[in-house]
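What follows is one structure encoded as C-alpha cells, with my remarks underneath.
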Amino acid sequence: MQERTGSELQQIEAFAAVAEHGGFAAAARALGRDASVVSRRIDALEARLGVRLLSRTTRRVTLTEVGATYLQRVRAILGELSAADTEAAEAAAAPQGLLRLALPAAFAQRWIAPWLADFLAAYPKLQLELSHSDRFVDLVADGFDAAVRIGELADSGLVARRLAGFETMLCAAPSYLARRGAPQRPDELRQHACLGMPKARFWPDWKLIKGRQRSVQRIDAAIVSDEGEGLLAACVRGAGILPAPEWLIGRELADGRLVRVLPQWRADYDGAIHVVLPPGRLVPAKTRAFVDRLAQEFEPAPPWLRAPHAPAR
C-alpha cells in the first residue's frame with residue numbers, strides 16, 4: 001500500500017477545492033491560501049499522476065473525464081479523513097471505550113470499587129476491565145491504560161502521580177488485648193500471638209522504629225498468610241497482633257474494631273501510593289477521567305483518615 005505524504009494530501013485537497021468551487025481564486029479563499037499556492041499544488045498533482053485533471057481557460061476551469069472520476073474517489077477519502085478527525089476529537093473530549101486497569105486487590109476493594117458505579121454512570125460510553133493483582137504488570141506489554149502501585153516505584157519511563165503516603169503500624173482487636181494484655185515493649189511481642197505475611201518486607205523480622213530507636217524482633221507467627229484481607233479479618237476477630245499499612249486498617253481503626261499496639265512504635269516501612277500511566281505526553285480522555293476521579297478520593301486527605309461516616313465526594 002502506497003504511503004501518502006502530507007504534501008500529497010494537500011495536493012488532493014487543493015484539487016477537490018477547485019472542483020467544488022469552480023476556480024482557483026474561490027478555492028484559495030476556502031483553503032485560506034494564495035491562488036498561486038493552489039495552482040502549484042495542482043500542477044504537482046497532475047505531474048505526479050501523469051495526467052491532466054483540469055481543463056483551464058481564461059474564463060473557467062472544468063474537470064477532464066479522468067479528473068471527474070478521480071474527484072469521486074478522493075471525495076470519499078477526504079470524507080473519511082474528516083470523519084476520522086471528528087471521531088478522534090470527540091474521543092478526546094468525552095471518555096469512551098475500554099479502560100484496562102491493573103489494581104492491587106485489597107486496595108481496590110476498599111478504596112476504588114465503592115465509587116465505580118457512579119463513575120460509569122457519569123461516563124456511560126466507558127467500559128472497565130479490571131485486573132486485580134499485587135504483581136507489577138508491564139503496562140505497555142500487557143496493554144493496560146493505568147495501574148495503581150503501592151510501595152516504592154522502580155525507576156522507569158512511566159508517568160506517575162503520587163496519591164498519598166502511609167505508615168505501617170501494629171494493631172490488634174480490643175478483645176485480644178483484653179484477653180492477653182497489651183505489650184509495653186517490642187521484645188514482649190515474642191510472647192504474643194502474631195499474624196504474618198511472608199511476602200511482606202516486615203517478615204519474619206519485624207523492624208520497628210521510634211524516633212531514632214530501632215528494634216528488630218524475629219516473630220514466630222500464629223497465622224501466616226499471603227492474603228492481607230484474610231489476616232485482617234482474623235485480627236479483627238481477636239486472633240492476634242498484625243502489622244499493616246494505614247490504607248488497609250484505617251477504617252477499622254476509625255470505628256474501633258482495631259486499636260494500635262505499641263503506638264509510639266511503627267514498622268520501618270513507610271510507603272506511597274501512585275497511579276502510573278504508560279509513557280507519552282498524550283493521555284486519553286478515558287484515562288484522564290479515571291485518574292482525576294481517583295485523585296479526588298485523596299483530597300484533601302486519604303479516605304482512611306476521614307471520619308468513618310464522612311460523605312463521599
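The chains in the C-alpha cells are called A, B, ... from first to last as shown; in each chain the residues are counted from 1, and the ligands are counted from 1 in the order shown.
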
For A:Glu252: contacts at 10 Å, only C-alpha atoms, fewer than 5 positions along chain excluded, given as JSON, numbers by chain: {"A": [171, 173, 232, 236, 246, 257, 258, 259, 304, 308]}

Output C-alpha atoms of each residue in that selection to a file, as a short mmCIF file (atom, residue, chain, number, x, y, z; two decimals), in the first residue's frame.
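Written output follows (again.cif):
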```
data_model
loop_
_atom_site.label_atom_id
_atom_site.label_comp_id
_atom_site.auth_asym_id
_atom_site.auth_seq_id
_atom_site.Cartn_x
_atom_site.Cartn_y
_atom_site.Cartn_z
CA CYS A 171 -2.72 -3.32 65.57
CA ALA A 173 -8.61 -6.17 68.32
CA LEU A 232 -7.15 -8.55 58.71
CA VAL A 236 -10.48 -8.11 63.88
CA GLU A 246 -2.80 2.53 57.20
CA ARG A 257 -12.66 -2.60 65.69
CA LEU A 258 -8.86 -2.36 65.92
CA VAL A 259 -6.51 -0.31 68.10
CA TRP A 304 -8.84 6.18 55.57
CA PRO A 308 -15.99 6.85 59.46
#
```

Give me the residues near A:Thr168 as a PyMOL selection string, where near means some atom within 9 Å (using only C-alpha atoms) and where sequence neighbours in that chain fewer than 5 positions away do not count. chain A and resi 243-247+266-271

For the strand (DSSP E) assignment from backbone DSSP, which residues of stretch 108-204 of chain A qualify? Please present them as a ChimeraX atom specification. /A:126-132,146-150,159-166,168-172,195-196

Please produce an output containing N, CA, C and O atoms for each residue in the selection, written as a tab-separated table (two decimals), in the first residue's frame.
```tsv
chain	number	residue	atom	x	y	z
A	126	LEU	N	-18.18	4.33	28.60
A	126	LEU	CA	-16.93	3.75	29.07
A	126	LEU	C	-17.15	2.32	29.55
A	126	LEU	O	-18.17	2.01	30.17
A	127	GLN	N	-16.19	1.46	29.28
A	127	GLN	CA	-16.19	0.09	29.78
A	127	GLN	C	-14.91	-0.14	30.57
A	127	GLN	O	-13.85	0.36	30.19
A	128	LEU	N	-15.01	-0.90	31.65
A	128	LEU	CA	-13.86	-1.16	32.51
A	128	LEU	C	-13.47	-2.63	32.46
A	128	LEU	O	-14.32	-3.51	32.49
A	129	GLU	N	-12.17	-2.88	32.37
A	129	GLU	CA	-11.63	-4.22	32.52
A	129	GLU	C	-10.59	-4.14	33.64
A	129	GLU	O	-9.55	-3.48	33.48
A	130	LEU	N	-10.86	-4.80	34.76
A	130	LEU	CA	-10.02	-4.69	35.95
A	130	LEU	C	-9.23	-5.97	36.16
A	130	LEU	O	-9.80	-7.07	36.15
A	131	SER	N	-7.94	-5.82	36.38
A	131	SER	CA	-7.08	-6.95	36.72
A	131	SER	C	-6.59	-6.72	38.14
A	131	SER	O	-5.86	-5.76	38.41
A	132	HIS	N	-7.01	-7.59	39.08
A	132	HIS	CA	-6.64	-7.44	40.48
A	132	HIS	C	-5.45	-8.34	40.79
A	132	HIS	O	-5.57	-9.56	40.83
A	146	ALA	N	-3.69	2.14	32.82
A	146	ALA	CA	-3.20	2.72	34.07
A	146	ALA	C	-3.10	1.61	35.11
A	146	ALA	O	-3.69	0.54	34.97
A	147	ALA	N	-2.33	1.88	36.17
A	147	ALA	CA	-2.19	0.94	37.27
A	147	ALA	C	-2.02	1.72	38.56
A	147	ALA	O	-1.48	2.84	38.56
A	148	VAL	N	-2.50	1.15	39.65
A	148	VAL	CA	-2.23	1.69	40.98
A	148	VAL	C	-1.14	0.84	41.60
A	148	VAL	O	-1.23	-0.40	41.58
A	149	ARG	N	-0.11	1.50	42.13
A	149	ARG	CA	1.01	0.78	42.72
A	149	ARG	C	1.26	1.26	44.14
A	149	ARG	O	1.21	2.45	44.42
A	150	ILE	N	1.53	0.30	45.00
A	150	ILE	CA	1.74	0.57	46.42
A	150	ILE	C	3.18	0.20	46.76
A	150	ILE	O	3.64	-0.90	46.44
A	159	VAL	N	4.73	7.38	33.58
A	159	VAL	CA	4.25	8.63	34.16
A	159	VAL	C	3.57	8.30	35.48
A	159	VAL	O	2.67	7.45	35.53
A	160	ALA	N	4.00	8.92	36.57
A	160	ALA	CA	3.48	8.59	37.90
A	160	ALA	C	2.87	9.82	38.56
A	160	ALA	O	3.40	10.92	38.46
A	161	ARG	N	1.77	9.60	39.26
A	161	ARG	CA	1.13	10.65	40.06
A	161	ARG	C	0.96	10.12	41.47
A	161	ARG	O	0.30	9.11	41.70
A	162	ARG	N	1.57	10.80	42.43
A	162	ARG	CA	1.50	10.36	43.81
A	162	ARG	C	0.14	10.71	44.41
A	162	ARG	O	-0.33	11.84	44.30
A	163	LEU	N	-0.48	9.72	45.05
A	163	LEU	CA	-1.79	9.93	45.65
A	163	LEU	C	-1.70	10.17	47.15
A	163	LEU	O	-2.40	11.02	47.69
A	164	ALA	N	-0.87	9.39	47.84
A	164	ALA	CA	-0.76	9.53	49.29
A	164	ALA	C	0.42	8.72	49.80
A	164	ALA	O	0.89	7.79	49.15
A	165	GLY	N	0.88	9.08	50.98
A	165	GLY	CA	1.84	8.27	51.70
A	165	GLY	C	1.13	7.54	52.82
A	165	GLY	O	-0.02	7.83	53.15
A	166	PHE	N	1.81	6.55	53.40
A	166	PHE	CA	1.19	5.82	54.50
A	166	PHE	C	2.26	5.25	55.42
A	166	PHE	O	3.40	5.05	55.01
A	168	THR	N	3.11	2.02	58.24
A	168	THR	CA	2.75	0.65	58.60
A	168	THR	C	2.87	0.54	60.12
A	168	THR	O	3.89	0.94	60.70
A	169	MET	N	1.85	0.02	60.78
A	169	MET	CA	1.79	0.02	62.24
A	169	MET	C	1.27	-1.32	62.75
A	169	MET	O	0.73	-2.13	61.99
A	170	LEU	N	1.42	-1.53	64.03
A	170	LEU	CA	0.91	-2.74	64.67
A	170	LEU	C	-0.48	-2.48	65.22
A	170	LEU	O	-0.77	-1.41	65.76
A	171	CYS	N	-1.35	-3.48	65.09
A	171	CYS	CA	-2.72	-3.32	65.57
A	171	CYS	C	-3.24	-4.65	66.08
A	171	CYS	O	-2.70	-5.73	65.78
A	172	ALA	N	-4.31	-4.56	66.85
A	172	ALA	CA	-4.98	-5.76	67.37
A	172	ALA	C	-6.40	-5.39	67.74
A	172	ALA	O	-6.74	-4.21	67.90
A	195	LEU	N	0.46	-12.24	63.63
A	195	LEU	CA	-0.03	-12.61	62.31
A	195	LEU	C	0.96	-12.09	61.28
A	195	LEU	O	1.34	-10.91	61.31
A	196	GLY	N	1.38	-12.95	60.35
A	196	GLY	CA	2.44	-12.57	59.43
A	196	GLY	C	2.12	-12.83	57.97
A	196	GLY	O	1.36	-13.74	57.63
```

Let's see if you can do this: from backbone DSSP, list all helix (DSSP H, G or I) residues in stretch 112-245 of chain A, as a PyMOL selection string. chain A and resi 113-122+139-142+174-180+186-191+228-236

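Residue nearest A:Lys207 within the list A:Leu282, A:Leu253, A:Ala35, A:Leu189: A:Leu189 [criterion: smallest interatomic distance, only C-alpha atoms].
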
Shortest contact to A:Ala285, candidates A:Leu98, A:Ala27, A:Leu54, A:Val38, atoms counted only C-alpha atoms, goes to A:Leu98

Counting only C-alpha atoms, the residue of A:Pro95, A:Ala272, A:Phe202, A:Arg59 that sits nearest A:Phe119: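 Result for the nearest residue to A:Phe119: A:Pro95.
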
Which residues come within 8 Å of A:Arg237, counting only C-alpha atoms, excluding same-chain residues fewer than 3 positions away, as an MDAnalysis selection string? chainID A and resid 173 175 233:234

Residue contacts of A:Arg110 (9 Å, only C-alpha atoms) excluding same-chain residues fewer than 4 positions away, as a PDB file with C-alpha atoms, in the first residue's frame:
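Contents of result.pdb, freshly written:
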```
ATOM      1  CA  ALA A 105      -6.853  -6.397  45.056  1.00  0.00           C
ATOM      2  CA  ALA A 106      -7.325  -5.294  48.677  1.00  0.00           C
ATOM      3  CA  PRO A 114     -17.235   1.727  46.103  1.00  0.00           C
ATOM      4  CA  TRP A 247      -4.720   2.121  53.973  1.00  0.00           C
ATOM      5  CA  LEU A 248      -5.635  -1.466  54.923  1.00  0.00           C
TER       6      LEU A 248
END
```

Considering only C-alpha atoms, return as a PyMOL selection string whatever protein or nucleic-acid residues lie within 9 Å of A:Pro279, sequence-local ones (same chain, fewer than 4 positions apart) excluded. chain A and resi 140+157-159

Store the residues picked out above in a file with all heavy atoms, as a PDB file, in the first residue's frame.
```pdb
ATOM      1  N   VAL A 140       2.865  -1.365  29.207  1.00  0.00           N
ATOM      2  CA  VAL A 140       2.957  -1.303  27.751  1.00  0.00           C
ATOM      3  C   VAL A 140       2.783  -2.688  27.141  1.00  0.00           C
ATOM      4  O   VAL A 140       1.960  -2.906  26.251  1.00  0.00           O
ATOM      5  CB  VAL A 140       4.296  -0.672  27.318  1.00  0.00           C
ATOM      6  CG1 VAL A 140       4.427  -0.695  25.797  1.00  0.00           C
ATOM      7  CG2 VAL A 140       4.406   0.759  27.842  1.00  0.00           C
ATOM      8  N   GLY A 157      10.254   4.666  32.729  1.00  0.00           N
ATOM      9  CA  GLY A 157       9.740   5.763  31.923  1.00  0.00           C
ATOM     10  C   GLY A 157       8.266   6.024  32.115  1.00  0.00           C
ATOM     11  O   GLY A 157       7.672   6.826  31.396  1.00  0.00           O
ATOM     12  N   LEU A 158       7.632   5.332  33.080  1.00  0.00           N
ATOM     13  CA  LEU A 158       6.207   5.508  33.305  1.00  0.00           C
ATOM     14  C   LEU A 158       5.914   6.894  33.875  1.00  0.00           C
ATOM     15  O   LEU A 158       6.727   7.485  34.584  1.00  0.00           O
ATOM     16  CB  LEU A 158       5.677   4.443  34.261  1.00  0.00           C
ATOM     17  CG  LEU A 158       5.806   2.985  33.806  1.00  0.00           C
ATOM     18  CD1 LEU A 158       5.271   2.059  34.893  1.00  0.00           C
ATOM     19  CD2 LEU A 158       5.062   2.772  32.499  1.00  0.00           C
ATOM     20  N   VAL A 159       4.726   7.377  33.581  1.00  0.00           N
ATOM     21  CA  VAL A 159       4.250   8.633  34.158  1.00  0.00           C
ATOM     22  C   VAL A 159       3.567   8.303  35.479  1.00  0.00           C
ATOM     23  O   VAL A 159       2.669   7.452  35.526  1.00  0.00           O
ATOM     24  CB  VAL A 159       3.265   9.332  33.205  1.00  0.00           C
ATOM     25  CG1 VAL A 159       2.736  10.616  33.833  1.00  0.00           C
ATOM     26  CG2 VAL A 159       3.944   9.621  31.867  1.00  0.00           C
TER      27      VAL A 159
END
```

From the list A:Leu153, A:Ala93, A:Val261, A:Leu45, which residue is nearest A:Glu188 when using only C-alpha atoms?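 Selected residue with least distance to A:Glu188: A:Val261.
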
Can you tell me which residues surround A:Gln264 at a distance of at most 12 Å, considering only C-alpha atoms, apart from same-chain residues fewer than 5 positions away, and format the answer as an MDAnalysis selection string? chainID A and resid 169:170 183:186 208:214

Extract, using only C-alpha atoms, all DNA, RNA and protein residues at most 10 Å from stretch 190-192 of chain A, discarding same-chain residues fewer than 2 positions from it, and format them as a ChimeraX atom specification. /A:176-177,180-183,186-188,194-195,217-222,240-241

Could the residues in this selection be saved with C-alpha atoms as a PDB file, in the first residue's frame?
```
ATOM      1  CA  TYR A 176      -7.411  -9.777  72.026  1.00  0.00           C
ATOM      2  CA  LEU A 177      -5.786  -7.127  74.206  1.00  0.00           C
ATOM      3  CA  ARG A 180      -3.776 -11.246  76.536  1.00  0.00           C
ATOM      4  CA  GLY A 181      -2.841  -7.756  77.630  1.00  0.00           C
ATOM      5  CA  ALA A 182      -1.051  -5.113  75.565  1.00  0.00           C
ATOM      6  CA  PRO A 183       2.722  -5.378  75.071  1.00  0.00           C
ATOM      7  CA  PRO A 186       8.851  -4.512  71.362  1.00  0.00           C
ATOM      8  CA  ASP A 187      10.558  -7.571  72.863  1.00  0.00           C
ATOM      9  CA  GLU A 188       7.254  -8.561  74.519  1.00  0.00           C
ATOM     10  CA  CYS A 194       1.241 -12.573  65.872  1.00  0.00           C
ATOM     11  CA  LEU A 195      -0.030 -12.612  62.307  1.00  0.00           C
ATOM     12  CA  GLN A 217      12.004  -8.802  66.561  1.00  0.00           C
ATOM     13  CA  ARG A 218      12.033 -12.286  64.999  1.00  0.00           C
ATOM     14  CA  ILE A 219       8.393 -13.370  65.045  1.00  0.00           C
ATOM     15  CA  ASP A 220       7.012 -16.910  65.321  1.00  0.00           C
ATOM     16  CA  ALA A 221       3.571 -16.232  63.856  1.00  0.00           C
ATOM     17  CA  ALA A 222       0.359 -17.868  64.984  1.00  0.00           C
ATOM     18  CA  GLY A 240      -3.504 -11.684  67.319  1.00  0.00           C
ATOM     19  CA  ILE A 241      -1.315  -8.699  66.508  1.00  0.00           C
TER      20      ILE A 241
END
```

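The closest residue to A:His274, picked from A:Gly230, A:Gly143, A:Gly32, A:Pro104 and counting only C-alpha atoms, is A:Pro104.
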
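Atom pair atom CA of A:Gly97 / atom CA of A:Leu120 has a distance of 11.5 Å (rounded to one decimal).
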
So, counting only C-alpha atoms, which residue among A:Val37, A:Pro302, A:Ala239, A:Val61 is closest to A:His21?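 Smallest distance to A:His21 is found for A:Val61.
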
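You will find atom CA of A:Val283 at 14.3 Å from atom CA of A:Leu101.
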